[in-house]
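Novice: Contents of entry-v7.txt (compact mmCIF, C-alpha atoms) are below:
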# COMPACT_ATOMS: atom_id res chain seq x y z
CA MET A 551 -0.75 -12.26 43.97
CA ARG A 552 1.37 -9.55 42.35
CA ASP A 553 3.87 -12.16 41.16
CA HIS A 554 1.22 -14.29 39.51
CA LEU A 555 -1.05 -11.66 38.05
CA TRP A 556 -1.42 -13.24 34.60
CA LEU A 557 -2.06 -16.65 36.12
CA THR A 558 -4.70 -15.15 38.42
CA ILE A 559 -6.38 -13.41 35.47
CA ALA A 560 -6.46 -16.70 33.55
CA LEU A 561 -7.95 -18.55 36.52
CA ALA A 562 -10.55 -15.81 37.10
CA ALA A 563 -11.52 -16.02 33.42
CA ALA A 564 -11.82 -19.82 33.61
CA ILE A 565 -13.96 -19.68 36.78
CA THR A 566 -16.24 -17.00 35.33
CA TYR A 567 -16.67 -18.96 32.11
CA LEU A 568 -17.52 -22.12 34.08
CA THR A 569 -20.30 -20.27 35.94
CA ARG A 570 -21.67 -19.15 32.59
CA VAL A 571 -21.52 -22.48 30.81
CA ALA A 572 -22.63 -24.67 33.76
CA GLY A 573 -26.29 -23.64 33.56
CA PHE A 574 -26.40 -24.41 29.84
CA ALA A 575 -24.88 -27.84 30.51
CA LEU A 576 -27.39 -28.53 33.31
CA GLY A 577 -30.22 -27.25 31.14
CA ALA A 578 -29.72 -30.12 28.71
CA ARG A 579 -31.03 -32.50 31.39
CA THR A 580 -34.67 -32.93 32.23
CA ILE A 581 -35.67 -30.32 34.78
CA PRO A 582 -37.94 -31.52 37.64
CA PRO A 583 -41.29 -29.67 37.92
CA LEU A 584 -40.36 -28.00 41.20
CA VAL A 585 -37.19 -26.56 39.65
CA GLN A 586 -39.22 -25.40 36.64
CA ARG A 587 -41.53 -23.51 38.97
CA PHE A 588 -38.46 -22.06 40.67
CA LEU A 589 -37.03 -20.95 37.32
CA ARG A 590 -40.28 -19.18 36.49
CA PHE A 591 -39.51 -16.71 39.30
CA VAL A 592 -35.82 -16.26 38.48
CA PRO A 593 -36.30 -13.24 36.18
CA ILE A 594 -38.70 -11.56 38.61
CA ALA A 595 -36.47 -12.01 41.65
CA ALA A 596 -33.27 -11.18 39.75
CA PHE A 597 -34.67 -8.02 38.13
CA ALA A 598 -36.05 -6.83 41.49
CA SER A 599 -32.62 -7.39 43.08
CA LEU A 600 -30.91 -5.55 40.24
CA THR A 601 -33.32 -2.62 40.62
CA ALA A 602 -33.98 -1.96 44.29
CA PRO A 603 -30.47 -1.36 45.71
CA GLY A 604 -29.68 1.15 42.94
CA LEU A 605 -32.73 3.20 43.87
CA SER A 606 -31.66 3.71 47.46
CA ALA A 607 -27.94 4.20 46.85
CA GLY A 608 -25.76 7.26 46.93
CA GLY A 609 -27.58 9.14 49.69
CA GLU A 610 -30.09 10.56 47.19
CA THR A 611 -33.00 8.20 47.59
CA LEU A 612 -35.73 10.74 46.79
CA PRO A 613 -34.50 11.76 43.30
CA ARG A 614 -33.93 8.11 42.47
CA LEU A 615 -37.39 7.03 43.66
CA LEU A 616 -39.01 9.86 41.69
CA ALA A 617 -37.04 8.77 38.62
CA ALA A 618 -38.19 5.18 39.11
CA VAL A 619 -41.85 6.19 39.39
CA ALA A 620 -41.62 8.34 36.24
CA GLY A 621 -39.76 5.59 34.37
CA ALA A 622 -42.32 3.02 35.52
CA VAL A 623 -45.22 5.13 34.21
CA ALA A 624 -43.40 5.57 30.89
CA VAL A 625 -42.69 1.87 30.39
CA LEU A 626 -46.15 0.72 31.48
CA ARG A 627 -47.78 3.24 29.18
CA PHE A 628 -45.57 2.85 26.10
CA GLY A 629 -43.74 -0.44 26.67
CA ARG A 630 -40.36 0.86 25.55
CA LEU A 631 -37.26 0.26 27.66
CA TRP A 632 -35.30 3.20 26.24
CA LEU A 633 -38.20 5.50 27.14
CA CYS A 634 -38.00 4.31 30.76
CA ILE A 635 -34.31 5.26 30.76
CA LEU A 636 -34.89 8.61 29.02
CA VAL A 637 -37.78 9.70 31.24
CA GLY A 638 -36.19 8.27 34.38
CA MET A 639 -32.81 9.95 33.83
CA THR A 640 -34.46 13.29 32.98
CA VAL A 641 -36.55 13.26 36.16
CA TYR A 642 -33.51 12.10 38.15
CA TRP A 643 -31.36 14.99 36.94
CA LEU A 644 -34.16 17.54 37.38
CA ALA A 645 -34.88 16.31 40.91
CA ARG A 646 -31.19 16.58 41.77
CA LEU A 647 -31.03 20.13 40.40
CA ILE A 648 -34.08 21.26 42.35
CA GLY A 649 -33.27 19.32 45.52
CA MET B 400 -46.10 -16.44 28.03
CA VAL B 401 -44.78 -16.05 31.53
CA THR B 402 -46.31 -19.33 32.60
CA GLY B 403 -44.98 -21.18 29.54
CA GLU B 404 -42.31 -23.67 30.39
CA GLY B 405 -40.18 -23.30 27.31
CA ASP B 406 -43.07 -24.35 25.13
CA GLU B 407 -42.12 -21.90 22.40
CA SER B 408 -38.77 -23.61 21.84
CA GLY B 409 -39.70 -25.31 18.61
CA ALA B 410 -40.88 -22.09 16.99
CA ILE B 411 -37.49 -20.41 17.04
CA GLY B 412 -35.38 -20.55 13.95
CA LYS B 413 -31.65 -20.55 13.74
CA PRO B 414 -29.80 -17.37 14.51
CA THR B 415 -29.87 -15.10 11.53
CA LEU B 416 -28.01 -11.88 11.04
CA GLN B 417 -31.29 -10.06 11.46
CA GLU B 418 -31.94 -11.66 14.86
CA ILE B 419 -28.42 -10.81 15.99
CA ARG B 420 -28.94 -7.21 14.95
CA ARG B 421 -32.26 -7.04 16.84
CA GLY B 422 -30.53 -8.19 20.01
CA ALA B 423 -27.64 -5.77 19.53
CA VAL B 424 -29.98 -2.82 18.95
CA ALA B 425 -32.13 -3.75 21.96
CA LEU B 426 -29.10 -3.29 24.19
CA LEU B 427 -28.06 0.09 22.72
CA PRO B 428 -29.82 2.27 25.35
CA LEU B 429 -27.73 0.60 28.05
CA TRP B 430 -24.50 1.77 26.42
CA LEU B 431 -25.15 5.08 28.22
CA GLY B 432 -24.41 3.36 31.51
CA ILE B 433 -21.88 0.81 30.26
CA ILE B 434 -19.39 3.26 28.74
CA PRO B 435 -18.69 5.28 31.91
CA PHE B 436 -18.67 2.10 33.99
CA ALA B 437 -16.07 0.34 31.84
CA ALA B 438 -13.94 3.47 31.50
CA ALA B 439 -14.01 3.95 35.28
CA TYR B 440 -13.01 0.32 35.75
CA ALA B 441 -10.05 0.80 33.41
CA LEU B 442 -8.86 3.87 35.32
CA LEU B 443 -9.16 2.05 38.64
CA ALA B 444 -7.32 -0.98 37.27
CA ARG B 445 -4.47 1.16 35.94
CA THR B 446 -4.06 3.13 39.17
CA SER B 447 -4.06 -0.09 41.18
CA GLY B 448 -1.06 -1.35 39.24
CA LEU B 449 -2.45 -3.53 36.46
CA SER B 450 -0.67 -3.13 33.14
CA PRO B 451 -2.65 -1.89 30.10
CA ALA B 452 -2.62 -5.42 28.66
CA GLN B 453 -3.93 -6.90 31.93
CA THR B 454 -6.64 -4.25 32.20
CA VAL B 455 -7.88 -5.06 28.71
CA ALA B 456 -7.49 -8.81 29.16
CA LEU B 457 -9.81 -8.82 32.17
CA SER B 458 -12.56 -7.14 30.13
CA LEU B 459 -12.04 -9.50 27.19
CA PHE B 460 -11.76 -12.80 29.02
CA VAL B 461 -13.50 -12.33 32.37
CA PHE B 462 -16.06 -9.84 31.00
CA ALA B 463 -17.93 -9.43 34.29
CA GLY B 464 -17.93 -5.91 35.70
CA SER B 465 -18.45 -6.62 39.39
CA ALA B 466 -15.88 -9.44 39.41
CA GLN B 467 -13.36 -7.20 37.65
CA LEU B 468 -13.85 -4.43 40.21
CA ALA B 469 -13.41 -6.99 42.98
CA PHE B 470 -10.30 -8.26 41.25
CA VAL B 471 -8.82 -4.77 41.23
CA ARG B 472 -9.82 -3.96 44.82
CA VAL B 473 -8.79 -7.27 46.34
CA GLY B 474 -5.60 -7.11 44.30
CA GLN B 475 -4.80 -3.73 45.85
CA GLU B 476 -4.99 -5.29 49.29
CA ASN B 477 -2.56 -7.89 48.00
CA ALA B 478 -4.73 -10.69 49.36
CA GLY B 479 -4.11 -14.30 48.43
CA ILE B 480 -5.03 -15.74 45.06
CA PHE B 481 -7.43 -18.18 46.70
CA SER B 482 -9.61 -15.56 48.40
CA LEU B 483 -9.63 -13.50 45.22
CA LEU B 484 -10.78 -16.43 43.09
CA LEU B 485 -13.41 -17.39 45.66
CA THR B 486 -14.77 -13.83 45.44
CA VAL B 487 -14.87 -14.08 41.65
CA LEU B 488 -16.74 -17.38 41.90
CA LEU B 489 -19.35 -16.05 44.36
CA LEU B 490 -19.89 -12.87 42.34
CA ASN B 491 -20.53 -14.89 39.18
CA LEU B 492 -22.53 -17.88 40.44
CA ARG B 493 -25.80 -16.14 39.53
CA HIS B 494 -24.94 -16.89 35.89
CA VAL B 495 -25.85 -20.54 36.56
CA LEU B 496 -29.42 -19.44 37.27
CA TYR B 497 -29.51 -17.18 34.21
CA ALA B 498 -28.30 -19.92 31.87
CA LEU B 499 -30.72 -22.49 33.36
CA SER B 500 -33.53 -19.99 33.00
CA ILE B 501 -32.83 -19.10 29.37
CA ASP B 502 -31.74 -22.54 28.19
CA ARG B 503 -35.33 -23.79 28.39
CA HIS B 504 -36.25 -21.31 25.66
CA LEU B 505 -33.44 -22.20 23.27
CA PRO B 506 -34.24 -24.68 20.51
CA ARG B 507 -33.00 -28.25 20.82
CA ARG B 508 -32.65 -28.50 17.06
CA PRO B 509 -30.81 -26.91 15.43
CA ARG B 510 -28.77 -26.65 18.58
CA PRO B 511 -27.30 -23.16 19.05
CA PRO B 512 -23.62 -23.13 20.09
CA ARG B 513 -24.15 -22.81 23.84
CA PRO B 514 -20.40 -22.76 24.68
CA VAL B 515 -20.13 -19.58 22.57
CA LEU B 516 -23.34 -18.00 23.90
CA ALA B 517 -22.08 -18.64 27.44
CA HIS B 518 -19.20 -16.16 27.30
CA PHE B 519 -21.56 -13.31 26.45
CA LEU B 520 -24.08 -14.02 29.23
CA THR B 521 -24.48 -10.97 31.48
CA ASP B 522 -27.23 -9.50 33.67
CA GLU B 523 -28.21 -7.18 30.85
CA ALA B 524 -28.08 -9.65 27.95
CA TYR B 525 -29.99 -12.21 30.02
CA GLY B 526 -32.58 -9.63 31.01
CA MET B 527 -33.24 -8.35 27.50
CA SER B 528 -33.28 -11.86 26.01
CA ILE B 529 -35.48 -13.61 28.57
CA ARG B 530 -38.00 -10.80 28.16
CA ALA B 531 -37.84 -11.18 24.40
CA PHE B 532 -38.48 -14.91 24.78
CA MET B 533 -41.42 -14.28 27.13
CA ASP B 534 -42.89 -11.84 24.63
CA GLY B 535 -42.50 -14.48 21.92
CA LYS B 536 -39.78 -12.49 20.14
CA GLY B 537 -36.69 -14.21 21.50
CA SER B 538 -34.13 -16.37 19.73
CA ALA B 539 -30.59 -17.63 20.13
CA GLY B 540 -29.52 -14.96 17.65
CA PHE B 541 -31.13 -12.25 19.77
CA LEU B 542 -29.30 -13.52 22.87
CA PHE B 543 -26.00 -13.56 20.99
CA GLY B 544 -26.58 -10.10 19.54
CA ALA B 545 -27.47 -8.59 22.92
CA GLY B 546 -24.41 -10.20 24.48
CA LEU B 547 -22.13 -9.11 21.66
CA SER B 548 -23.46 -5.55 21.81
CA LEU B 549 -22.54 -5.30 25.49
CA PHE B 550 -19.20 -7.02 24.88
CA VAL B 551 -18.16 -4.62 22.11
CA CYS B 552 -19.25 -1.53 24.06
CA PHE B 553 -17.66 -2.73 27.30
CA ASN B 554 -14.35 -3.55 25.64
CA LEU B 555 -14.16 -0.39 23.52
CA ALA B 556 -14.78 1.69 26.64
CA THR B 557 -12.19 -0.35 28.56
CA LEU B 558 -9.69 0.28 25.78
CA GLY B 559 -10.56 3.98 25.76
CA GLY B 560 -10.16 4.25 29.52
CA THR B 561 -6.88 2.35 29.38
CA LEU B 562 -5.32 4.38 26.57
CA LEU B 563 -6.71 7.82 27.34
CA GLY B 564 -6.72 7.53 31.12
CA GLY B 565 -6.99 10.88 32.84
CA VAL B 566 -7.74 12.74 29.59
CA LEU B 567 -11.34 11.48 29.74
CA PRO B 568 -13.88 13.74 31.46
CA ASP B 569 -14.93 12.52 34.89
CA THR B 570 -18.58 11.53 34.53
CA GLY B 571 -18.84 10.17 38.06
CA GLY B 572 -21.07 13.02 39.20
CA PHE B 573 -23.72 12.49 36.52
CA GLY B 574 -25.09 9.37 38.18
CA LEU B 575 -25.17 7.48 34.87
CA GLU B 576 -25.18 4.23 36.86
CA MET B 577 -28.90 4.96 37.35
CA VAL B 578 -29.35 3.59 33.81
CA PHE B 579 -29.07 0.05 35.18
CA PRO B 580 -31.77 0.05 37.87
CA LEU B 581 -34.07 1.89 35.43
CA SER B 582 -33.42 -0.77 32.78
CA PHE B 583 -34.15 -3.67 35.10
CA LEU B 584 -37.24 -1.88 36.40
CA ALA B 585 -38.46 -1.66 32.80
CA LEU B 586 -37.76 -5.36 32.33
CA LEU B 587 -39.44 -6.28 35.63
CA LEU B 588 -42.75 -4.40 35.58
CA PRO B 589 -44.45 -6.16 32.64
CA LEU B 590 -43.67 -9.52 34.28
CA LEU B 591 -45.80 -8.80 37.36
CA ARG B 592 -49.05 -10.47 36.39
CA SER B 593 -50.22 -12.01 39.66
CA ARG B 594 -50.16 -11.19 43.35
CA LEU B 595 -47.57 -13.90 43.82
CA ASP B 596 -45.30 -12.24 41.22
CA VAL B 597 -45.62 -8.91 43.02
CA ALA B 598 -44.93 -10.54 46.38
CA VAL B 599 -41.78 -12.24 45.07
CA ALA B 600 -40.56 -8.98 43.49
CA LEU B 601 -41.19 -6.92 46.64
CA GLY B 602 -39.60 -9.54 48.86
CA ALA B 603 -36.54 -9.95 46.66
CA GLY B 604 -36.18 -6.16 46.27
CA ALA B 605 -36.38 -5.52 50.01
CA ALA B 606 -33.95 -8.32 50.77
CA ALA B 607 -31.59 -6.97 48.10
CA VAL B 608 -31.59 -3.49 49.65
CA ALA B 609 -30.69 -4.97 53.03
CA LEU B 610 -28.10 -7.39 51.64
CA SER B 611 -26.45 -4.81 49.38
CA ARG B 612 -25.27 -2.96 52.48
CA VAL B 613 -23.14 -5.89 53.55
CA THR B 614 -22.14 -7.64 50.32
CA SER B 615 -21.55 -7.06 46.60
CA GLY B 616 -24.17 -6.92 43.89
CA GLY B 617 -23.47 -10.34 42.40
CA VAL B 618 -23.82 -12.13 45.73
CA THR B 619 -26.95 -10.14 46.55
CA VAL B 620 -28.62 -11.17 43.29
CA LEU B 621 -27.62 -14.80 43.80
CA ALA B 622 -28.99 -14.98 47.35
CA THR B 623 -32.23 -13.08 46.77
CA THR B 624 -32.98 -14.95 43.54
CA ILE B 625 -32.55 -18.34 45.20
CA VAL B 626 -34.69 -17.35 48.18
CA GLY B 627 -37.28 -15.43 46.13
CA GLY B 628 -37.55 -18.18 43.52
CA SER B 629 -37.88 -20.88 46.17
CA ILE B 630 -40.62 -19.04 48.05
CA GLY B 631 -42.43 -18.37 44.77
CA ALA B 632 -42.20 -22.01 43.71
CA PHE B 633 -43.29 -23.21 47.15
CA LEU B 634 -46.32 -20.91 47.31
CA MET B 635 -47.28 -21.77 43.74
CA GLU B 636 -47.24 -25.42 44.74
CA ARG B 637 -49.48 -24.73 47.72
CA ARG B 638 -51.83 -22.92 45.33
CA LEU B 639 -52.06 -19.96 47.61
CA PRO B 640 -53.65 -16.84 46.16
CA GLY B 641 -51.50 -15.83 43.26
Please rewrite the model in this file as structure tokens.

Specialist:
Amino acid sequence: MRDHLWLTIALAAAITYLTRVAGFALGARTIPPLVQRFLRFVPIAAFASLTAPGLSAGGETLPRLLAAVAGAVAVLRFGRLWLCILVGMTVYWLARLIG
Amino acid sequence: MVTGEGDESGAIGKPTLQEIRRGAVALLPLWLGIIPFAAAYALLARTSGLSPAQTVALSLFVFAGSAQLAFVRVGQENAGIFSLLLTVLLLNLRHVLYALSIDRHLPRRPRPPRPVLAHFLTDEAYGMSIRAFMDGKGSAGFLFGAGLSLFVCFNLATLGGTLLGGVLPDTGGFGLEMVFPLSFLALLLPLLRSRLDVAVALGAGAAAVALSRVTSGGVTVLATTIVGGSIGAFLMERRLPG
């Protein structure tokens, strides 16, 4: 691979772009009802998968879970994403300091 | 709006500068996590033997954090090109689902330039934009702005990490990567409007925790989203309590 690094980078870029553009190309077709129902759950399942592993990582599950609970309360109460980050990170750092 | 099947498509105007700015601003809080991530990637890429130009090129043209990290790690092991490219493909396949999911909300006319939007599609831009669409505030311009915001931040931080290298403070101990799960938690919670939604989220989350111990993030999201989405669609069809 060392000898063909630029070629490999170009191929990786092409493959990544294809994965990004393919869904848009498929989306132009008529989507069957079953697939539409499937797509309804895509954000929910994807967001859950992008959240859960990060909360149990790094051998500090408790501070991360506390941060998630505090962030959840903040976003459900005020509906602002940045507030979830602000409150969550503050609690996370405090919990790490104390623990 | 969650149950809407792209019915708001016609209401969305063409991307205006204002829409683009809204998307870009919406992504600003995530810069806190993106900057250290991209800078750390650049350092890793440089120490693994990539040239400065190659380090920057990966961020510009691949623009997918997990695939770039895999590229650097697999490259260190001097594995074959084929296995490396297969890894890149698997890590990025989830984008197909994202594009399918968001395409239903984009207007048919005037048709936004999907080939351009595609390059800027990331977990974060997808997440912010699909939520905006569900809340009735989405647009092609918003999607582009959110994607561009991440792209600019990611590439500036890559450039910084590449040029400054070891001069940068090591932020690894601050746990700034926590910004990402917190962001997706904030995107997720308002979507949970039925028992079925909650069941799909809990199932996908639990499966993701288990899977993440044996595989990378991109593959985990792909697998759990396919399984979670299928189970959700199946149960919805059966009209079980939801």

Novice: Using only C-alpha atoms, find the one residue out of B:Phe470, B:Phe460, B:Phe481, B:Phe550 that sits nearest to chain A.

Specialist: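 Of the candidates, the smallest distance to chain A is held by B:Phe460.
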
Novice: Please report, as JSON lines, each residue of chain A lying at most 7 Å from chain B, together with the nearest pair of atoms and the separation in Å rounded to one decimal; use all atoms listed in the file, and order rows by chain and ascending residue number.

Specialist:
{"residue": "A:Met551", "atom": "CA", "partner": "B:Ile480", "partner_atom": "CA", "distance": 5.6}
{"residue": "A:Thr558", "atom": "CA", "partner": "B:Ile480", "partner_atom": "CA", "distance": 6.7}
{"residue": "A:Ile559", "atom": "CA", "partner": "B:Leu457", "partner_atom": "CA", "distance": 6.6}
{"residue": "A:Ala562", "atom": "CA", "partner": "B:Leu484", "partner_atom": "CA", "distance": 6.0}
{"residue": "A:Ala563", "atom": "CA", "partner": "B:Val461", "partner_atom": "CA", "distance": 4.3}
{"residue": "A:Ile565", "atom": "CA", "partner": "B:Leu488", "partner_atom": "CA", "distance": 6.3}
{"residue": "A:Thr566", "atom": "CA", "partner": "B:Asn491", "partner_atom": "CA", "distance": 6.1}
{"residue": "A:Tyr567", "atom": "CA", "partner": "B:His518", "partner_atom": "CA", "distance": 6.1}
{"residue": "A:Thr569", "atom": "CA", "partner": "B:Leu492", "partner_atom": "CA", "distance": 5.6}
{"residue": "A:Arg570", "atom": "CA", "partner": "B:His494", "partner_atom": "CA", "distance": 5.2}
{"residue": "A:Val571", "atom": "CA", "partner": "B:Ala517", "partner_atom": "CA", "distance": 5.1}
{"residue": "A:Ala572", "atom": "CA", "partner": "B:Val495", "partner_atom": "CA", "distance": 5.9}
{"residue": "A:Gly573", "atom": "CA", "partner": "B:Val495", "partner_atom": "CA", "distance": 4.3}
{"residue": "A:Phe574", "atom": "CA", "partner": "B:Ala498", "partner_atom": "CA", "distance": 5.3}
{"residue": "A:Leu576", "atom": "CA", "partner": "B:Leu499", "partner_atom": "CA", "distance": 6.9}
{"residue": "A:Gly577", "atom": "CA", "partner": "B:Leu499", "partner_atom": "CA", "distance": 5.3}
{"residue": "A:Leu584", "atom": "CA", "partner": "B:Ala632", "partner_atom": "CA", "distance": 6.8}
{"residue": "A:Arg587", "atom": "CA", "partner": "B:Ala632", "partner_atom": "CA", "distance": 5.0}
{"residue": "A:Phe588", "atom": "CA", "partner": "B:Ala632", "partner_atom": "CA", "distance": 4.8}
{"residue": "A:Leu589", "atom": "CA", "partner": "B:Ser500", "partner_atom": "CA", "distance": 5.6}
{"residue": "A:Phe591", "atom": "CA", "partner": "B:Gly628", "partner_atom": "CA", "distance": 4.9}
{"residue": "A:Val592", "atom": "CA", "partner": "B:Gly628", "partner_atom": "CA", "distance": 5.7}
{"residue": "A:Ile594", "atom": "CA", "partner": "B:Ala600", "partner_atom": "CA", "distance": 5.8}
{"residue": "A:Ala595", "atom": "CA", "partner": "B:Thr624", "partner_atom": "CA", "distance": 4.9}
{"residue": "A:Ala596", "atom": "CA", "partner": "B:Thr624", "partner_atom": "CA", "distance": 5.4}
{"residue": "A:Phe597", "atom": "CA", "partner": "B:Phe583", "partner_atom": "CA", "distance": 5.3}
{"residue": "A:Ala598", "atom": "CA", "partner": "B:Gly604", "partner_atom": "CA", "distance": 4.8}
{"residue": "A:Ser599", "atom": "CA", "partner": "B:Gly604", "partner_atom": "CA", "distance": 4.9}
{"residue": "A:Leu600", "atom": "CA", "partner": "B:Pro580", "partner_atom": "CA", "distance": 6.1}
{"residue": "A:Thr601", "atom": "CA", "partner": "B:Pro580", "partner_atom": "CA", "distance": 4.1}
{"residue": "A:Ala602", "atom": "CA", "partner": "B:Gly604", "partner_atom": "CA", "distance": 5.1}
{"residue": "A:Pro603", "atom": "CA", "partner": "B:Val608", "partner_atom": "CA", "distance": 4.6}
{"residue": "A:Gly604", "atom": "CA", "partner": "B:Pro580", "partner_atom": "CA", "distance": 5.6}
{"residue": "A:Leu605", "atom": "CA", "partner": "B:Pro580", "partner_atom": "CA", "distance": 6.8}
{"residue": "A:Ala618", "atom": "CA", "partner": "B:Leu581", "partner_atom": "CA", "distance": 6.4}
{"residue": "A:Gly621", "atom": "CA", "partner": "B:Leu581", "partner_atom": "CA", "distance": 6.9}
{"residue": "A:Ala622", "atom": "CA", "partner": "B:Ala585", "partner_atom": "CA", "distance": 6.6}
{"residue": "A:Val625", "atom": "CA", "partner": "B:Ala585", "partner_atom": "CA", "distance": 6.0}
{"residue": "A:Leu631", "atom": "CA", "partner": "B:Ala585", "partner_atom": "CA", "distance": 5.6}
{"residue": "A:Trp632", "atom": "CA", "partner": "B:Pro428", "partner_atom": "CA", "distance": 5.6}
{"residue": "A:Cys634", "atom": "CA", "partner": "B:Ala585", "partner_atom": "CA", "distance": 6.3}
{"residue": "A:Ile635", "atom": "CA", "partner": "B:Leu581", "partner_atom": "CA", "distance": 5.8}
{"residue": "A:Gly638", "atom": "CA", "partner": "B:Leu581", "partner_atom": "CA", "distance": 6.8}

Novice: Grab the atom CA of A:Leu557 to atom CA of B:Leu555 distance for me, in Å with one decimal place.

Specialist: 23.9 Å

Novice: Using all atoms listed in the file, pick whichever of B:Gly572, B:Val455, B:Pro509, B:Ser528 has the shortest atom-to-atom distance to B:Ala437.

Specialist: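 Nearest to B:Ala437: B:Val455.
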
Novice: What is the atom CA of A:His554-atom CA of B:Cys552 distance in Å, reported with one decimal?

Specialist: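 Separation between atom CA of A:His554 and atom CA of B:Cys552: 28.6 Å.
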
Novice: Distance atom CA of A:Trp643-atom CA of A:Gly608, one decimal place?

Specialist: 13.8 Å

Novice: Hey, what's within 6 Å of A:Ala617 if we count all atoms listed in the file and toss same-chain stuff fewer than 2 positions away? As number ranges by chain, please?

Specialist: A: 614-615, 619-621, 638, 641-642

Novice: Tell me, as a list in words, which residues lie within 8 Å of A:Ala645, counting all atoms listed in the file; anything in the same chain fewer than 4 positions away does not count.

Specialist: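 Neighbouring residues, sequence-local ones excluded: Pro613, Leu616, Val641 and Gly649 of chain A.
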
Novice: Edge lengths and centre in Å to one decimal, as JSON, is what I'm after for the box along x, y and z that holds all listed atoms of stretch 556-561 of chain A once 5 Å is added on each side.

Specialist:
{"center_x": -4.7, "center_y": -15.9, "center_z": 36.0, "size_x": 16.5, "size_y": 15.3, "size_z": 14.9}
